[in-house]
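Participant: If you scroll down you'll find the structure; I have some questions about it.
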Protein chains: 2
Amino acid sequence: MSPRVDEQNQQIRDIRKQQLLAAGAKVFGERGYAGTKVSDIVGEAQLSHGLIYHYFSSKEDIYIELAKTAFITSYETIHQAVHSNGSPYERLKAMTEGIFAHTRESGHFFLIALQTNTSKTVPEEASAISKEYSAKSLELLKHLFQQGQEQGEFIKVDPSEQALMYSSMLNGVVFTQLTYPLLEDFPQVDQILRIFIDTSSLKE
Amino acid sequence: MSPRVDEQNQQIRDIRKQQLLAAGAKVFGERGYAGTKVSDIVGEAQLSHGLIYHYFSSKEDIYIELAKTAFITSYETIHQAVHSNGSPYERLKAMTEGIFAHTRESGHFFLIALQTNTSKTVPEEASAISKEYSAKSLELLKHLFQQGQEQGEFIKVDPSEQALMYSSMLNGVVFTQLTYPLLEDFPQVDQILRIFIDTSSLKE
DNA sequence: GTCTATAAAAGGATAGAC
DNA sequence: GTCTATCCTTTTATAGAC
């Protein structure tokens with residue numbers, strides 16, 4: 001086997017794996033872990049039934065990989081936004097707008113994350129990842145709200161509660177965006193973030 | 001068969017049916033439609049496997065009945081609140097507090113509603129009910145926001161969008177309450193509803 | 001690397017006894 | 001009214017040919 005062929009094979013392998021992951025993201029997002037059959041995934045990917053087991057050891061395996069991607073990507077988005085430039089409010093606003101703007105593309109991953117948080121039928125390992133990264137993400141948000149409070153931009157209430165409120169609102173809005181995909185410019189980010197703003201500071 | 005016995009039998013039938021519905025609400029909420037086995041339901045209800053088919057014609061059947069309950073109850077809660085006494089803001093606040101207060105008891109129904117909205121594996125009839133009642137509920141909320149705007153309590157933006165924003169936020173918060181059941185007094189309703197308030201009117 | 005055919009297991013639904 | 005045993009379809013996973 002020449003190195004040339006090895007390389008081509010590796011390339012095919014990478015493509016197939018990505019095909020299966022993309023198909024898995026779609027159908028797992030739409031149908032849930034238990035509601036998705038292996039035949040749904042390979043059907044979506046237009047590959048034969050048996051081939052999936054050359055790339056993943058089981059249905060669980062592929063779900064876990066997708067859940068990992070969902071939670072890690074989400075965490076990194078927050079991490080990046082929190083550590084960027086600008087005032088706390090500016091960073092919060094930029095992050096929120098960025099997340100809403102990408103709802104359509106990342107919709108399946110959002111639904112996978114949602115299911116991983118709520119359903120007792122998802123693979124144990126996925127639940128563990130969810131728990132770990134949710135906590136880490138909330139911690140990042142908490143720091144952002146703390147900073148905002150110190151600089152007088154945000155209302156002074158428990159920053160952990162603000163972080164939880166922010167994440168709740170984000171979930172709720174993204175969920176609505178997925179339920180009503182036709183909505184054009186919903187929501188008004190400025191309006192929403194008023195919850196956290198110390199209006200007295202704006203009057204100065 | 002004496003009327004006496006008929007009556008007792010009817011009573012047993014009612015109890016069994018309720019047992020199965022309660023068990024179904026729990027396991028469907030926790031595991032989703034596809035992830036729930038008939039054996040999960042009867043196991044939870046502590047009844048034998050075959051008995052469920054004396055009370056329901058299929059797994060679909062019991063799910064549909066539960067979804068109906070979820071959406072109709074939700075609709076009626078909103079209907080009642082919207083048509084009660086007090087200013088629009090007072091009604092909105094009372095409704096919101098009422099909903100949050102009952103999250104624990106109605107948690108399983110909330111999760112069933114959530115799944116019915118997102119999963120393509122739930123029975124067709126449940127999806128139809130979801131669509132119907134969601135639209136009706138949003139219509140009620142829209143009217144409440146319209147009234148609030150006319151009376152100067154609420155910011156003047158598209159009331160449909162406010163209704164959607166309110167329902168998004170509600171979903172997000174209830175979801176968080178179910179994910180973190182230990183939270184005591186989350187959230188601060190007054191804080192949240194600031195999104196809708198016309199602050200200039202408060203200064204009068 | 002990919003496919004079809006098959007094995008093995010799981011789960012929904014029914015039958016018939018009590 | 002209730003239960004256990006059984007049927008039968010669906011679905012995951014593997015084997016082996018190309």
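Every chain in the structure tokens takes a letter, A first, then B, and so on in the order presented; its residues are numbered from 1, and the ligands are numbered from 1 following the presented order.
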Show me which bits of chain D are within 10 Å of chain B, counting only C-alpha atoms (C1' of nucleotides), as an NGL selection string.

Facilitator: :D and (1-4)

Participant: Write out as a PyMOL selection string the residues lying within 9 Å of A:Glu161, counting only C-alpha atoms (C1' of nucleotides) and excluding same-chain residues fewer than 3 positions away.

Facilitator: (chain A and resi 142+157-158+164-166) or (chain B and resi 186-187)

Participant: Generate the output file for the selected residues, N, CA and C atoms, as a PDB file, in the first residue's frame.

Facilitator:
```
ATOM      1  N   LYS A 142     -21.298  34.081  35.234  1.00  0.00           N
ATOM      2  CA  LYS A 142     -21.328  34.710  36.553  1.00  0.00           C
ATOM      3  C   LYS A 142     -20.247  35.781  36.670  1.00  0.00           C
ATOM      4  N   VAL A 157     -27.726  42.263  41.944  1.00  0.00           N
ATOM      5  CA  VAL A 157     -28.373  41.111  42.578  1.00  0.00           C
ATOM      6  C   VAL A 157     -27.396  39.949  42.450  1.00  0.00           C
ATOM      7  N   ASP A 158     -27.702  38.848  43.073  1.00  0.00           N
ATOM      8  CA  ASP A 158     -26.813  37.682  43.023  1.00  0.00           C
ATOM      9  C   ASP A 158     -26.403  37.368  41.572  1.00  0.00           C
ATOM     10  N   LEU A 164     -28.030  32.471  35.616  1.00  0.00           N
ATOM     11  CA  LEU A 164     -29.079  31.482  35.409  1.00  0.00           C
ATOM     12  C   LEU A 164     -30.241  32.093  34.632  1.00  0.00           C
ATOM     13  N   MET A 165     -30.545  33.329  34.949  1.00  0.00           N
ATOM     14  CA  MET A 165     -31.635  34.016  34.255  1.00  0.00           C
ATOM     15  C   MET A 165     -31.258  34.218  32.795  1.00  0.00           C
ATOM     16  N   TYR A 166     -30.038  34.605  32.576  1.00  0.00           N
ATOM     17  CA  TYR A 166     -29.592  34.822  31.196  1.00  0.00           C
ATOM     18  C   TYR A 166     -29.668  33.514  30.404  1.00  0.00           C
TER      19      TYR A 166
ATOM     20  N   PHE B 186     -36.057  31.343  42.732  1.00  0.00           N
ATOM     21  CA  PHE B 186     -35.727  31.755  41.382  1.00  0.00           C
ATOM     22  C   PHE B 186     -36.988  31.617  40.560  1.00  0.00           C
ATOM     23  N   PRO B 187     -37.312  32.540  39.728  1.00  0.00           N
ATOM     24  CA  PRO B 187     -36.647  33.832  39.562  1.00  0.00           C
ATOM     25  C   PRO B 187     -37.422  34.946  40.250  1.00  0.00           C
TER      26      PRO B 187
END
```

Participant: Just list as a VMD selection string whatever in stretch 53-204 of chain A DSSP marks as helix (DSSP H, G or I).

Facilitator: chain A and resid 53 to 55 59 to 82 88 to 101 103 to 118 124 to 150 159 to 179 189 to 193 199 to 202

Participant: Any chance you could export the current selection's C-alpha atoms as a short mmCIF file (atom, residue, chain, number, x, y, z; two decimals), in the first residue's frame?

Facilitator:
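The resulting file, again.cif, is shown below:
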```cif
data_model
loop_
_atom_site.label_atom_id
_atom_site.label_comp_id
_atom_site.auth_asym_id
_atom_site.auth_seq_id
_atom_site.Cartn_x
_atom_site.Cartn_y
_atom_site.Cartn_z
CA TYR A 53 -20.43 0.39 12.28
CA HIS A 54 -17.16 0.89 10.48
CA TYR A 55 -17.00 4.42 11.82
CA LYS A 59 -25.63 4.35 18.20
CA GLU A 60 -24.61 5.52 21.67
CA ASP A 61 -21.14 6.28 20.44
CA ILE A 62 -22.26 8.66 17.72
CA TYR A 63 -24.67 10.43 20.04
CA ILE A 64 -21.97 10.98 22.63
CA GLU A 65 -19.68 12.50 20.04
CA LEU A 66 -22.43 14.88 18.94
CA ALA A 67 -23.33 15.85 22.48
CA LYS A 68 -19.66 16.59 23.16
CA THR A 69 -19.54 18.89 20.16
CA ALA A 70 -22.73 20.65 21.25
CA PHE A 71 -21.60 21.39 24.79
CA ILE A 72 -17.99 22.19 24.03
CA THR A 73 -18.90 24.52 21.18
CA SER A 74 -21.40 26.30 23.38
CA TYR A 75 -18.85 26.64 26.16
CA GLU A 76 -16.21 27.99 23.81
CA THR A 77 -18.59 30.54 22.35
CA ILE A 78 -19.26 31.89 25.81
CA HIS A 79 -15.59 31.74 26.77
CA GLN A 80 -14.57 33.71 23.75
CA ALA A 81 -17.25 36.35 24.22
CA VAL A 82 -16.56 36.81 27.90
CA PRO A 88 -19.45 43.84 30.18
CA TYR A 89 -22.70 44.96 28.60
CA GLU A 90 -21.12 45.24 25.18
CA ARG A 91 -19.70 41.75 25.49
CA LEU A 92 -23.02 40.36 26.68
CA LYS A 93 -24.86 41.99 23.82
CA ALA A 94 -22.38 40.85 21.18
CA MET A 95 -22.52 37.29 22.47
CA THR A 96 -26.31 37.24 22.55
CA GLU A 97 -26.62 38.57 19.03
CA GLY A 98 -24.03 36.09 17.82
CA ILE A 99 -25.90 33.17 19.34
CA PHE A 100 -29.26 34.24 17.92
CA ALA A 101 -27.75 34.80 14.51
CA THR A 103 -29.60 29.52 15.64
CA ARG A 104 -30.56 28.14 12.27
CA GLU A 105 -27.24 26.42 11.59
CA SER A 106 -26.76 25.16 15.12
CA GLY A 107 -30.39 24.30 15.74
CA HIS A 108 -29.88 20.56 15.74
CA PHE A 109 -27.08 20.84 18.25
CA PHE A 110 -29.21 23.01 20.46
CA LEU A 111 -31.96 20.37 20.43
CA ILE A 112 -29.44 17.64 21.18
CA ALA A 113 -28.22 19.64 24.16
CA LEU A 114 -31.79 20.18 25.29
CA GLN A 115 -32.57 16.47 25.17
CA THR A 116 -29.35 15.58 26.88
CA ASN A 117 -30.42 17.81 29.75
CA THR A 118 -33.94 16.48 30.05
CA GLU A 124 -24.81 8.26 30.57
CA GLU A 125 -21.59 9.75 29.23
CA ALA A 126 -23.52 12.47 27.41
CA SER A 127 -25.32 13.44 30.60
CA ALA A 128 -22.01 13.70 32.39
CA ILE A 129 -20.57 16.01 29.76
CA SER A 130 -23.70 18.13 29.90
CA LYS A 131 -23.41 18.54 33.62
CA GLU A 132 -19.73 19.42 33.49
CA TYR A 133 -19.93 22.04 30.76
CA SER A 134 -23.17 23.59 31.95
CA ALA A 135 -21.52 24.32 35.27
CA LYS A 136 -18.43 25.73 33.61
CA SER A 137 -20.49 27.93 31.31
CA LEU A 138 -22.55 29.31 34.16
CA GLU A 139 -19.34 30.12 35.99
CA LEU A 140 -18.11 32.18 33.04
CA LEU A 141 -21.38 34.06 32.85
CA LYS A 142 -21.33 34.71 36.55
CA HIS A 143 -17.97 36.44 36.26
CA LEU A 144 -19.25 38.59 33.43
CA PHE A 145 -22.19 39.73 35.51
CA GLN A 146 -19.93 40.38 38.48
CA GLN A 147 -17.78 42.65 36.34
CA GLY A 148 -20.85 44.41 35.03
CA GLN A 149 -22.05 45.05 38.53
CA GLU A 150 -18.70 46.42 39.63
CA PRO A 159 -24.65 37.27 39.88
CA SER A 160 -25.26 33.51 39.90
CA GLU A 161 -28.94 34.19 39.61
CA GLN A 162 -28.34 36.62 36.79
CA ALA A 163 -26.29 34.01 34.97
CA LEU A 164 -29.08 31.48 35.41
CA MET A 165 -31.64 34.02 34.25
CA TYR A 166 -29.59 34.82 31.20
CA SER A 167 -29.17 31.19 30.25
CA SER A 168 -32.88 30.54 30.82
CA MET A 169 -33.84 33.37 28.58
CA LEU A 170 -31.41 32.27 25.93
CA ASN A 171 -32.81 28.76 25.95
CA GLY A 172 -36.35 30.00 25.78
CA VAL A 173 -35.72 32.35 22.88
CA VAL A 174 -33.68 29.89 20.86
CA PHE A 175 -36.37 27.33 21.42
CA THR A 176 -38.99 29.75 20.09
CA GLN A 177 -36.81 30.54 17.09
CA LEU A 178 -36.69 26.86 16.27
CA THR A 179 -40.42 26.41 16.79
CA VAL A 189 -31.72 41.93 22.06
CA ASP A 190 -31.64 45.38 23.65
CA GLN A 191 -35.12 44.87 25.00
CA ILE A 192 -34.30 41.55 26.59
CA LEU A 193 -31.10 42.63 28.22
CA THR A 199 -31.21 52.12 34.58
CA SER A 200 -30.14 54.67 37.17
CA SER A 201 -26.60 54.46 35.82
CA LEU A 202 -27.85 55.36 32.35
#
```

Participant: Would you kindly report the residues of chain C within 10 Å of chain B, using only C-alpha atoms (C1' of nucleotides), as a ChimeraX atom specification?

Facilitator: /C:11-14

Participant: Go ahead and save the residues from that selection, with N, CA, C and O atoms (P, O5', C5', C4', C3', O3' and C1' of nucleotides), as a PDB file, in the first residue's frame.

Facilitator:
```
ATOM      1  P    DG C  11     -36.365  -2.411  25.193  1.00  0.00           P
ATOM      2  O5'  DG C  11     -37.758  -2.385  24.423  1.00  0.00           O
ATOM      3  C5'  DG C  11     -37.850  -1.766  23.132  1.00  0.00           C
ATOM      4  C4'  DG C  11     -39.212  -2.033  22.558  1.00  0.00           C
ATOM      5  C3'  DG C  11     -40.345  -1.823  23.578  1.00  0.00           C
ATOM      6  O3'  DG C  11     -41.389  -1.116  22.945  1.00  0.00           O
ATOM      7  C1'  DG C  11     -40.496  -3.970  22.641  1.00  0.00           C
ATOM      8  P    DG C  12     -42.576  -0.436  23.796  1.00  0.00           P
ATOM      9  O5'  DG C  12     -43.815  -0.849  22.896  1.00  0.00           O
ATOM     10  C5'  DG C  12     -43.819  -0.465  21.533  1.00  0.00           C
ATOM     11  C4'  DG C  12     -44.889  -1.241  20.804  1.00  0.00           C
ATOM     12  C3'  DG C  12     -46.283  -1.094  21.394  1.00  0.00           C
ATOM     13  O3'  DG C  12     -47.217  -0.982  20.326  1.00  0.00           O
ATOM     14  C1'  DG C  12     -45.645  -3.378  21.416  1.00  0.00           C
ATOM     15  P    DA C  13     -48.734  -0.598  20.678  1.00  0.00           P
ATOM     16  O5'  DA C  13     -49.418  -2.029  20.710  1.00  0.00           O
ATOM     17  C5'  DA C  13     -49.380  -2.802  19.509  1.00  0.00           C
ATOM     18  C4'  DA C  13     -49.872  -4.200  19.801  1.00  0.00           C
ATOM     19  C3'  DA C  13     -51.243  -4.285  20.490  1.00  0.00           C
ATOM     20  O3'  DA C  13     -52.145  -4.931  19.590  1.00  0.00           O
ATOM     21  C1'  DA C  13     -49.679  -5.823  21.416  1.00  0.00           C
ATOM     22  P    DT C  14     -53.652  -5.193  20.065  1.00  0.00           P
ATOM     23  O5'  DT C  14     -53.639  -6.754  20.409  1.00  0.00           O
ATOM     24  C5'  DT C  14     -53.056  -7.648  19.464  1.00  0.00           C
ATOM     25  C4'  DT C  14     -53.145  -9.072  19.979  1.00  0.00           C
ATOM     26  C3'  DT C  14     -54.510  -9.495  20.524  1.00  0.00           C
ATOM     27  O3'  DT C  14     -54.833 -10.759  19.941  1.00  0.00           O
ATOM     28  C1'  DT C  14     -52.830  -9.982  22.109  1.00  0.00           C
TER      29       DT C  14
END
```

Participant: What is the distance between atom CA of B:Ala34 and atom CA of A:Arg31, in Å to one decimal?

Facilitator: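 For atom CA of B:Ala34 relative to atom CA of A:Arg31, the distance reads 8.6 Å.
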
Participant: May I have the residues within 7 Å of stretch 23-25 of chain B as a ChimeraX atom specification, using only C-alpha atoms (C1' of nucleotides) and disregarding those fewer than 2 positions away in the same chain?

Facilitator: /B:19-21,27-29,41,44-45,66,108-109

Participant: Emit the selected residues as an mmCIF file, in the first residue's frame, including all heavy atoms.

Facilitator:
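Saved the output as again-v3.cif:
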```cif
data_model
loop_
_atom_site.group_PDB
_atom_site.id
_atom_site.type_symbol
_atom_site.label_atom_id
_atom_site.label_comp_id
_atom_site.auth_asym_id
_atom_site.auth_seq_id
_atom_site.Cartn_x
_atom_site.Cartn_y
_atom_site.Cartn_z
ATOM 1 N N GLN B 19 -54.219 6.050 37.640
ATOM 2 C CA GLN B 19 -52.892 5.508 37.976
ATOM 3 C C GLN B 19 -52.001 5.450 36.753
ATOM 4 O O GLN B 19 -50.842 5.862 36.768
ATOM 5 C CB GLN B 19 -53.050 4.073 38.517
ATOM 6 C CG GLN B 19 -53.192 3.926 40.006
ATOM 7 C CD GLN B 19 -53.277 2.443 40.361
ATOM 8 O OE1 GLN B 19 -54.298 1.796 40.100
ATOM 9 N NE2 GLN B 19 -52.225 1.900 40.957
ATOM 10 N N LEU B 20 -52.577 4.923 35.683
ATOM 11 C CA LEU B 20 -51.800 4.770 34.453
ATOM 12 C C LEU B 20 -51.446 6.114 33.842
ATOM 13 O O LEU B 20 -50.334 6.311 33.339
ATOM 14 C CB LEU B 20 -52.574 3.902 33.460
ATOM 15 C CG LEU B 20 -52.629 2.409 33.832
ATOM 16 C CD1 LEU B 20 -53.697 1.677 33.036
ATOM 17 C CD2 LEU B 20 -51.253 1.765 33.617
ATOM 18 N N LEU B 21 -52.364 7.054 33.920
ATOM 19 C CA LEU B 21 -52.068 8.376 33.371
ATOM 20 C C LEU B 21 -50.975 9.068 34.180
ATOM 21 O O LEU B 21 -50.061 9.688 33.619
ATOM 22 C CB LEU B 21 -53.339 9.239 33.350
ATOM 23 C CG LEU B 21 -54.338 8.916 32.227
ATOM 24 C CD1 LEU B 21 -55.651 9.663 32.443
ATOM 25 C CD2 LEU B 21 -53.737 9.259 30.865
ATOM 26 N N VAL B 27 -43.150 9.024 33.353
ATOM 27 C CA VAL B 27 -42.127 8.383 32.512
ATOM 28 C C VAL B 27 -42.021 9.009 31.124
ATOM 29 O O VAL B 27 -40.925 9.156 30.591
ATOM 30 C CB VAL B 27 -42.332 6.860 32.422
ATOM 31 C CG1 VAL B 27 -42.095 6.221 33.784
ATOM 32 C CG2 VAL B 27 -43.704 6.508 31.909
ATOM 33 N N PHE B 28 -43.146 9.421 30.553
ATOM 34 C CA PHE B 28 -43.071 10.111 29.260
ATOM 35 C C PHE B 28 -42.295 11.425 29.434
ATOM 36 O O PHE B 28 -41.501 11.792 28.569
ATOM 37 C CB PHE B 28 -44.464 10.406 28.707
ATOM 38 C CG PHE B 28 -45.092 9.264 27.956
ATOM 39 C CD1 PHE B 28 -46.378 8.829 28.262
ATOM 40 C CD2 PHE B 28 -44.414 8.629 26.917
ATOM 41 C CE1 PHE B 28 -46.965 7.776 27.564
ATOM 42 C CE2 PHE B 28 -44.994 7.572 26.213
ATOM 43 C CZ PHE B 28 -46.272 7.156 26.548
ATOM 44 N N GLY B 29 -42.553 12.118 30.531
ATOM 45 C CA GLY B 29 -41.845 13.378 30.780
ATOM 46 C C GLY B 29 -40.353 13.157 30.914
ATOM 47 O O GLY B 29 -39.547 13.927 30.390
ATOM 48 N N ILE B 41 -44.202 2.241 31.958
ATOM 49 C CA ILE B 41 -45.437 2.820 32.487
ATOM 50 C C ILE B 41 -46.072 1.900 33.521
ATOM 51 O O ILE B 41 -46.373 2.313 34.639
ATOM 52 C CB ILE B 41 -46.450 3.101 31.354
ATOM 53 C CG1 ILE B 41 -45.825 4.013 30.287
ATOM 54 C CG2 ILE B 41 -47.717 3.742 31.914
ATOM 55 C CD1 ILE B 41 -46.699 4.219 29.065
ATOM 56 N N GLU B 44 -44.038 1.689 36.675
ATOM 57 C CA GLU B 44 -44.236 2.859 37.536
ATOM 58 C C GLU B 44 -45.577 2.783 38.256
ATOM 59 O O GLU B 44 -45.689 3.153 39.427
ATOM 60 C CB GLU B 44 -44.171 4.141 36.683
ATOM 61 C CG GLU B 44 -44.414 5.423 37.424
ATOM 62 C CD GLU B 44 -43.303 5.773 38.389
ATOM 63 O OE1 GLU B 44 -42.139 5.392 38.114
ATOM 64 O OE2 GLU B 44 -43.591 6.421 39.429
ATOM 65 N N ALA B 45 -46.588 2.305 37.539
ATOM 66 C CA ALA B 45 -47.933 2.213 38.128
ATOM 67 C C ALA B 45 -48.114 0.960 38.981
ATOM 68 O O ALA B 45 -49.133 0.800 39.638
ATOM 69 C CB ALA B 45 -48.988 2.229 37.017
ATOM 70 N N LEU B 66 -52.405 12.476 27.455
ATOM 71 C CA LEU B 66 -51.575 13.302 28.333
ATOM 72 C C LEU B 66 -51.223 14.637 27.675
ATOM 73 O O LEU B 66 -51.226 15.684 28.324
ATOM 74 C CB LEU B 66 -50.300 12.543 28.704
ATOM 75 C CG LEU B 66 -50.500 11.380 29.677
ATOM 76 C CD1 LEU B 66 -49.275 10.488 29.720
ATOM 77 C CD2 LEU B 66 -50.836 11.917 31.064
ATOM 78 N N HIS B 108 -43.809 17.320 34.779
ATOM 79 C CA HIS B 108 -43.865 16.271 33.764
ATOM 80 C C HIS B 108 -44.704 16.706 32.572
ATOM 81 O O HIS B 108 -44.381 16.384 31.432
ATOM 82 C CB HIS B 108 -44.437 14.986 34.367
ATOM 83 C CG HIS B 108 -43.566 14.419 35.443
ATOM 84 N ND1 HIS B 108 -44.046 13.998 36.655
ATOM 85 C CD2 HIS B 108 -42.226 14.238 35.496
ATOM 86 C CE1 HIS B 108 -43.055 13.557 37.404
ATOM 87 N NE2 HIS B 108 -41.929 13.701 36.732
ATOM 88 N N PHE B 109 -45.762 17.440 32.855
ATOM 89 C CA PHE B 109 -46.608 17.891 31.750
ATOM 90 C C PHE B 109 -45.894 18.945 30.916
ATOM 91 O O PHE B 109 -46.046 18.990 29.699
ATOM 92 C CB PHE B 109 -47.946 18.423 32.282
ATOM 93 C CG PHE B 109 -48.870 17.341 32.712
ATOM 94 C CD1 PHE B 109 -48.960 16.962 34.049
ATOM 95 C CD2 PHE B 109 -49.636 16.659 31.784
ATOM 96 C CE1 PHE B 109 -49.799 15.938 34.453
ATOM 97 C CE2 PHE B 109 -50.484 15.638 32.165
ATOM 98 C CZ PHE B 109 -50.566 15.270 33.503
#
```
